[in-house]
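Report on the following structure.
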Amino acid sequence: MKSTIIDFGWLEIKWYSLFLLIAFTSASIVFYLEAKKKGLEKDQIIDLLFYGLLIGILGARIYYILFNLKYYLEDPIEMFCIWHGGLAIHGGIIATFLYLIIRTKKKKENIILLLDMIAVGLLLGQAIGRWGNFFNQEAFGRIVSKEFLMNLPLPNFIIQGMYINGSYREPTFLYESICSIIGFGIILLLRRIKKIKTGNLTSFYLIWYGFTRFIIESFRSDSLMFMDIKVAQLVSILGIIIGIILFIKSKNYQYYQKDTIIQEK
């Protein structure tokens, strides 16, 4: 599969990079709209987006490198070649969360409400970003027959794109993209409910993404591993547990529509 859109010799534009850009832009637009409704100033929103995305990408890359350390130590230059793939969403989420903890404590902001606003667009960004994995031929599943793919059914370009290293592979990238789109639709409906509490959207994200990722990860054959355990499944279980705890605690929080970003001193 051709991974390059344009090649000027001195400059290449990759499909992977394009879809990541579209994913970040889409998630940022949704966050911007949510943040404006909650009274954040334009400068605050831009500040959050700039540092959040920068730290998120850095965290996603470091996370991926740590679980493939032997490979990158043999070829250190590859650590900087993110256009070759290798961004782990869990690493990005963890890094961004740590940044938000520091920021909200300093500025006395409501971190739970902020996470709710981020959660709305995050699922959309993940759904789009998985197509970058498709063009990079990563995030794929077990070996299957061509007939298996034709029976799903899938368009021919996806079937051909899933022919990787001499075998047809299950399109787990597509499974996750579809689940994220469904989750995005559900979270848009949830945020319109008048009685929904602050923290419920984040809870939904953690439980929905944790559950769907855990299931889909069982079919993947290029997972990040710790010993003989798939790291994404461990993190997914942790995410589900945190989501349930947050949902229980959120009964004591404000209603989402009425909550404000600045906490009372």
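To be explicit about the labels: the chains of the structure tokens are called A, B, and onward in the order shown, and within each one the residues are counted from 1, while ligands get numbers from 1 in the order they are shown.
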Per-residue DSSP, stretch 112-239 of chain A, filtered to helix (DSSP H, G or I), as an MDAnalysis selection string: chainID A and resid 112:135 146:150 156:161 172:190 200:217 231:239
Expected file: the selected residues, C-alpha atoms, as a PDB file, in the first residue's frame:
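Once written, out13.pdb looks like this:
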```
ATOM      1  CA  ILE A 112     -13.404  17.015  36.099  1.00  0.00           C
ATOM      2  CA  LEU A 113     -15.388  19.482  34.002  1.00  0.00           C
ATOM      3  CA  LEU A 114     -12.345  20.047  31.816  1.00  0.00           C
ATOM      4  CA  LEU A 115     -11.990  16.291  31.264  1.00  0.00           C
ATOM      5  CA  ASP A 116     -15.681  16.111  30.330  1.00  0.00           C
ATOM      6  CA  MET A 117     -15.153  18.726  27.637  1.00  0.00           C
ATOM      7  CA  ILE A 118     -12.122  16.885  26.277  1.00  0.00           C
ATOM      8  CA  ALA A 119     -13.909  13.510  26.305  1.00  0.00           C
ATOM      9  CA  VAL A 120     -16.572  14.722  23.861  1.00  0.00           C
ATOM     10  CA  GLY A 121     -14.110  15.317  21.020  1.00  0.00           C
ATOM     11  CA  LEU A 122     -11.564  12.668  21.971  1.00  0.00           C
ATOM     12  CA  LEU A 123     -13.635   9.766  20.662  1.00  0.00           C
ATOM     13  CA  LEU A 124     -14.079  11.546  17.330  1.00  0.00           C
ATOM     14  CA  GLY A 125     -10.339  12.155  17.075  1.00  0.00           C
ATOM     15  CA  GLN A 126      -9.586   8.510  17.857  1.00  0.00           C
ATOM     16  CA  ALA A 127     -12.058   7.314  15.225  1.00  0.00           C
ATOM     17  CA  ILE A 128     -10.352   9.401  12.528  1.00  0.00           C
ATOM     18  CA  GLY A 129      -6.821   8.711  13.753  1.00  0.00           C
ATOM     19  CA  ARG A 130      -7.252   4.945  13.349  1.00  0.00           C
ATOM     20  CA  TRP A 131      -7.389   5.463   9.590  1.00  0.00           C
ATOM     21  CA  GLY A 132      -3.829   6.727   9.789  1.00  0.00           C
ATOM     22  CA  ASN A 133      -2.966   3.299  11.225  1.00  0.00           C
ATOM     23  CA  PHE A 134      -4.665   1.700   8.224  1.00  0.00           C
ATOM     24  CA  PHE A 135      -2.498   3.553   5.710  1.00  0.00           C
ATOM     25  CA  LYS A 146      -9.450 -13.016   1.822  1.00  0.00           C
ATOM     26  CA  GLU A 147     -12.894 -14.635   1.898  1.00  0.00           C
ATOM     27  CA  PHE A 148     -13.247 -13.670   5.561  1.00  0.00           C
ATOM     28  CA  LEU A 149     -12.685 -10.002   4.689  1.00  0.00           C
ATOM     29  CA  MET A 150     -15.005 -10.154   1.681  1.00  0.00           C
ATOM     30  CA  ASN A 156     -11.873  -3.535  -1.960  1.00  0.00           C
ATOM     31  CA  PHE A 157      -9.358  -0.850  -0.954  1.00  0.00           C
ATOM     32  CA  ILE A 158      -9.583  -1.959   2.691  1.00  0.00           C
ATOM     33  CA  ILE A 159      -9.243  -5.620   1.749  1.00  0.00           C
ATOM     34  CA  GLN A 160      -6.141  -4.853  -0.304  1.00  0.00           C
ATOM     35  CA  GLY A 161      -4.773  -2.628   2.460  1.00  0.00           C
ATOM     36  CA  THR A 172      -9.012  -4.236  13.993  1.00  0.00           C
ATOM     37  CA  PHE A 173      -8.247  -0.583  13.213  1.00  0.00           C
ATOM     38  CA  LEU A 174     -11.705  -0.419  11.592  1.00  0.00           C
ATOM     39  CA  TYR A 175     -13.414  -2.111  14.537  1.00  0.00           C
ATOM     40  CA  GLU A 176     -12.007   0.499  16.881  1.00  0.00           C
ATOM     41  CA  SER A 177     -12.822   3.364  14.519  1.00  0.00           C
ATOM     42  CA  ILE A 178     -16.454   2.245  14.307  1.00  0.00           C
ATOM     43  CA  CYS A 179     -16.725   1.778  18.085  1.00  0.00           C
ATOM     44  CA  SER A 180     -15.280   5.261  18.630  1.00  0.00           C
ATOM     45  CA  ILE A 181     -17.767   6.804  16.185  1.00  0.00           C
ATOM     46  CA  ILE A 182     -20.640   5.071  17.978  1.00  0.00           C
ATOM     47  CA  GLY A 183     -19.259   6.264  21.320  1.00  0.00           C
ATOM     48  CA  PHE A 184     -18.994   9.809  19.967  1.00  0.00           C
ATOM     49  CA  GLY A 185     -22.662   9.692  18.933  1.00  0.00           C
ATOM     50  CA  ILE A 186     -23.698   8.437  22.377  1.00  0.00           C
ATOM     51  CA  ILE A 187     -21.660  11.054  24.241  1.00  0.00           C
ATOM     52  CA  LEU A 188     -23.238  13.817  22.137  1.00  0.00           C
ATOM     53  CA  LEU A 189     -26.657  12.582  23.274  1.00  0.00           C
ATOM     54  CA  LEU A 190     -25.554  12.244  26.908  1.00  0.00           C
ATOM     55  CA  ASN A 200     -20.448  11.450  33.755  1.00  0.00           C
ATOM     56  CA  LEU A 201     -19.047  12.131  30.274  1.00  0.00           C
ATOM     57  CA  THR A 202     -15.537  11.239  31.401  1.00  0.00           C
ATOM     58  CA  SER A 203     -16.914   8.133  33.113  1.00  0.00           C
ATOM     59  CA  PHE A 204     -18.659   7.096  29.917  1.00  0.00           C
ATOM     60  CA  TYR A 205     -15.495   7.638  27.883  1.00  0.00           C
ATOM     61  CA  LEU A 206     -13.350   5.557  30.241  1.00  0.00           C
ATOM     62  CA  ILE A 207     -15.848   2.704  30.435  1.00  0.00           C
ATOM     63  CA  TRP A 208     -16.802   2.699  26.742  1.00  0.00           C
ATOM     64  CA  TYR A 209     -13.290   2.992  25.367  1.00  0.00           C
ATOM     65  CA  GLY A 210     -11.892   0.647  28.008  1.00  0.00           C
ATOM     66  CA  PHE A 211     -14.454  -2.064  27.235  1.00  0.00           C
ATOM     67  CA  THR A 212     -14.282  -1.816  23.435  1.00  0.00           C
ATOM     68  CA  ARG A 213     -10.477  -1.562  23.385  1.00  0.00           C
ATOM     69  CA  PHE A 214     -10.130  -4.578  25.698  1.00  0.00           C
ATOM     70  CA  ILE A 215     -12.253  -6.716  23.364  1.00  0.00           C
ATOM     71  CA  ILE A 216     -10.638  -5.498  20.144  1.00  0.00           C
ATOM     72  CA  GLU A 217      -7.138  -5.838  21.584  1.00  0.00           C
ATOM     73  CA  VAL A 231      -0.486  -3.637  27.921  1.00  0.00           C
ATOM     74  CA  ALA A 232      -3.569  -2.052  26.345  1.00  0.00           C
ATOM     75  CA  GLN A 233      -5.816  -4.614  28.021  1.00  0.00           C
ATOM     76  CA  LEU A 234      -4.326  -3.875  31.432  1.00  0.00           C
ATOM     77  CA  VAL A 235      -4.764  -0.136  30.923  1.00  0.00           C
ATOM     78  CA  SER A 236      -8.300  -0.704  29.627  1.00  0.00           C
ATOM     79  CA  ILE A 237      -9.269  -2.587  32.795  1.00  0.00           C
ATOM     80  CA  LEU A 238      -7.796   0.229  34.898  1.00  0.00           C
ATOM     81  CA  GLY A 239      -9.727   2.778  32.842  1.00  0.00           C
TER      82      GLY A 239
END
```
Within 9 Å of A:Phe67 using only C-alpha atoms, minus same-chain residues under 3 positions, as a VMD selection string: chain A and resid 62 to 64 70 224 to 226 231
Backbone-only DSSP, strand (DSSP E or B) members of stretch 114-206 of chain A, as a VMD selection string: chain A and resid 141 143 to 144 163 to 164 167 to 169 197
Among listed residues A:Ile244, A:Gly56, A:Ser221, A:Tyr163, nearest A:Ile93 (using only C-alpha atoms):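 For A:Ile93, the nearest of the given residues is A:Gly56.
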Between atom CA of A:Thr260 and atom CA of A:Leu246, distance in Å (one decimal): 18.3 Å
Using only C-alpha atoms: which of A:Leu20, A:Leu154, A:Ile6, A:Leu58 has the shortest distance to A:Asn136: A:Leu20
Atomic distance atom CA of A:Ile82 - atom CA of A:Arg61, expressed in Å with one decimal: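 Distance reported for this atom pair: 7.5 Å.
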Nearest to A:Glu12, chosen from A:Lys42, A:Trp83, A:Tyr72, A:Ile55, with only C-alpha atoms counted in the distances: A:Trp83
Between atom CA of A:Ala27 and atom CA of A:Phe50 - distance in Å to one decimal: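 Separation of atom CA of A:Phe50 and atom CA of A:Ala27: 12.6 Å.
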Counting only C-alpha atoms, what is within 12 Å of A:Ile248, bar same-chain residues fewer than 5 positions away, as a compact mmCIF listing (two decimals) with N, CA and C atoms, in the first residue's frame?
```
# COMPACT_ATOMS: atom_id res chain seq x y z
N LYS A 197 -24.59 14.65 35.39
CA LYS A 197 -23.67 15.29 36.34
C LYS A 197 -22.29 15.48 35.70
N THR A 198 -21.58 16.48 36.21
CA THR A 198 -20.19 16.67 35.81
C THR A 198 -19.40 15.42 36.20
N GLY A 199 -18.63 14.90 35.28
CA GLY A 199 -17.89 13.67 35.51
C GLY A 199 -18.48 12.48 34.78
N ASN A 200 -19.79 12.56 34.43
CA ASN A 200 -20.45 11.45 33.75
C ASN A 200 -19.91 11.21 32.34
N SER A 203 -16.64 9.51 32.70
CA SER A 203 -16.91 8.13 33.11
C SER A 203 -17.31 7.28 31.91
N PHE A 204 -18.22 7.83 31.10
CA PHE A 204 -18.66 7.10 29.92
C PHE A 204 -17.49 6.81 29.00
N ILE A 241 -12.30 0.64 35.67
CA ILE A 241 -12.42 0.76 37.12
C ILE A 241 -12.50 2.23 37.54
N ILE A 242 -11.60 3.06 36.98
CA ILE A 242 -11.61 4.50 37.30
C ILE A 242 -12.93 5.13 36.85
N GLY A 243 -13.41 4.71 35.68
CA GLY A 243 -14.67 5.24 35.16
C GLY A 243 -15.84 4.93 36.08
N TYR A 253 -21.49 15.72 42.50
CA TYR A 253 -21.00 16.87 41.73
C TYR A 253 -22.17 17.71 41.21
```
For A:Ile45: contacts at 12 Å, only C-alpha atoms, fewer than 3 positions along chain excluded, given as a list of chain:residue names: A:Ser28, A:Ile29, A:Val30, A:Phe31, A:Tyr32, A:Leu33, A:Glu34, A:Ala35, A:Lys36, A:Lys37, A:Lys38, A:Gly39, A:Leu40, A:Glu41, A:Lys42, A:Leu48, A:Leu49, A:Phe50, A:Tyr51, A:Gly52, A:Leu53, A:Leu114, A:Met117, A:Ile118, A:Ile261
Selected residue of minimal separation from A:Trp15 among A:His90, A:Arg169, A:His84, A:Lys194, counting only C-alpha atoms: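 Among A:His90, A:Arg169, A:His84, A:Lys194, it is A:His84 that comes nearest to A:Trp15.
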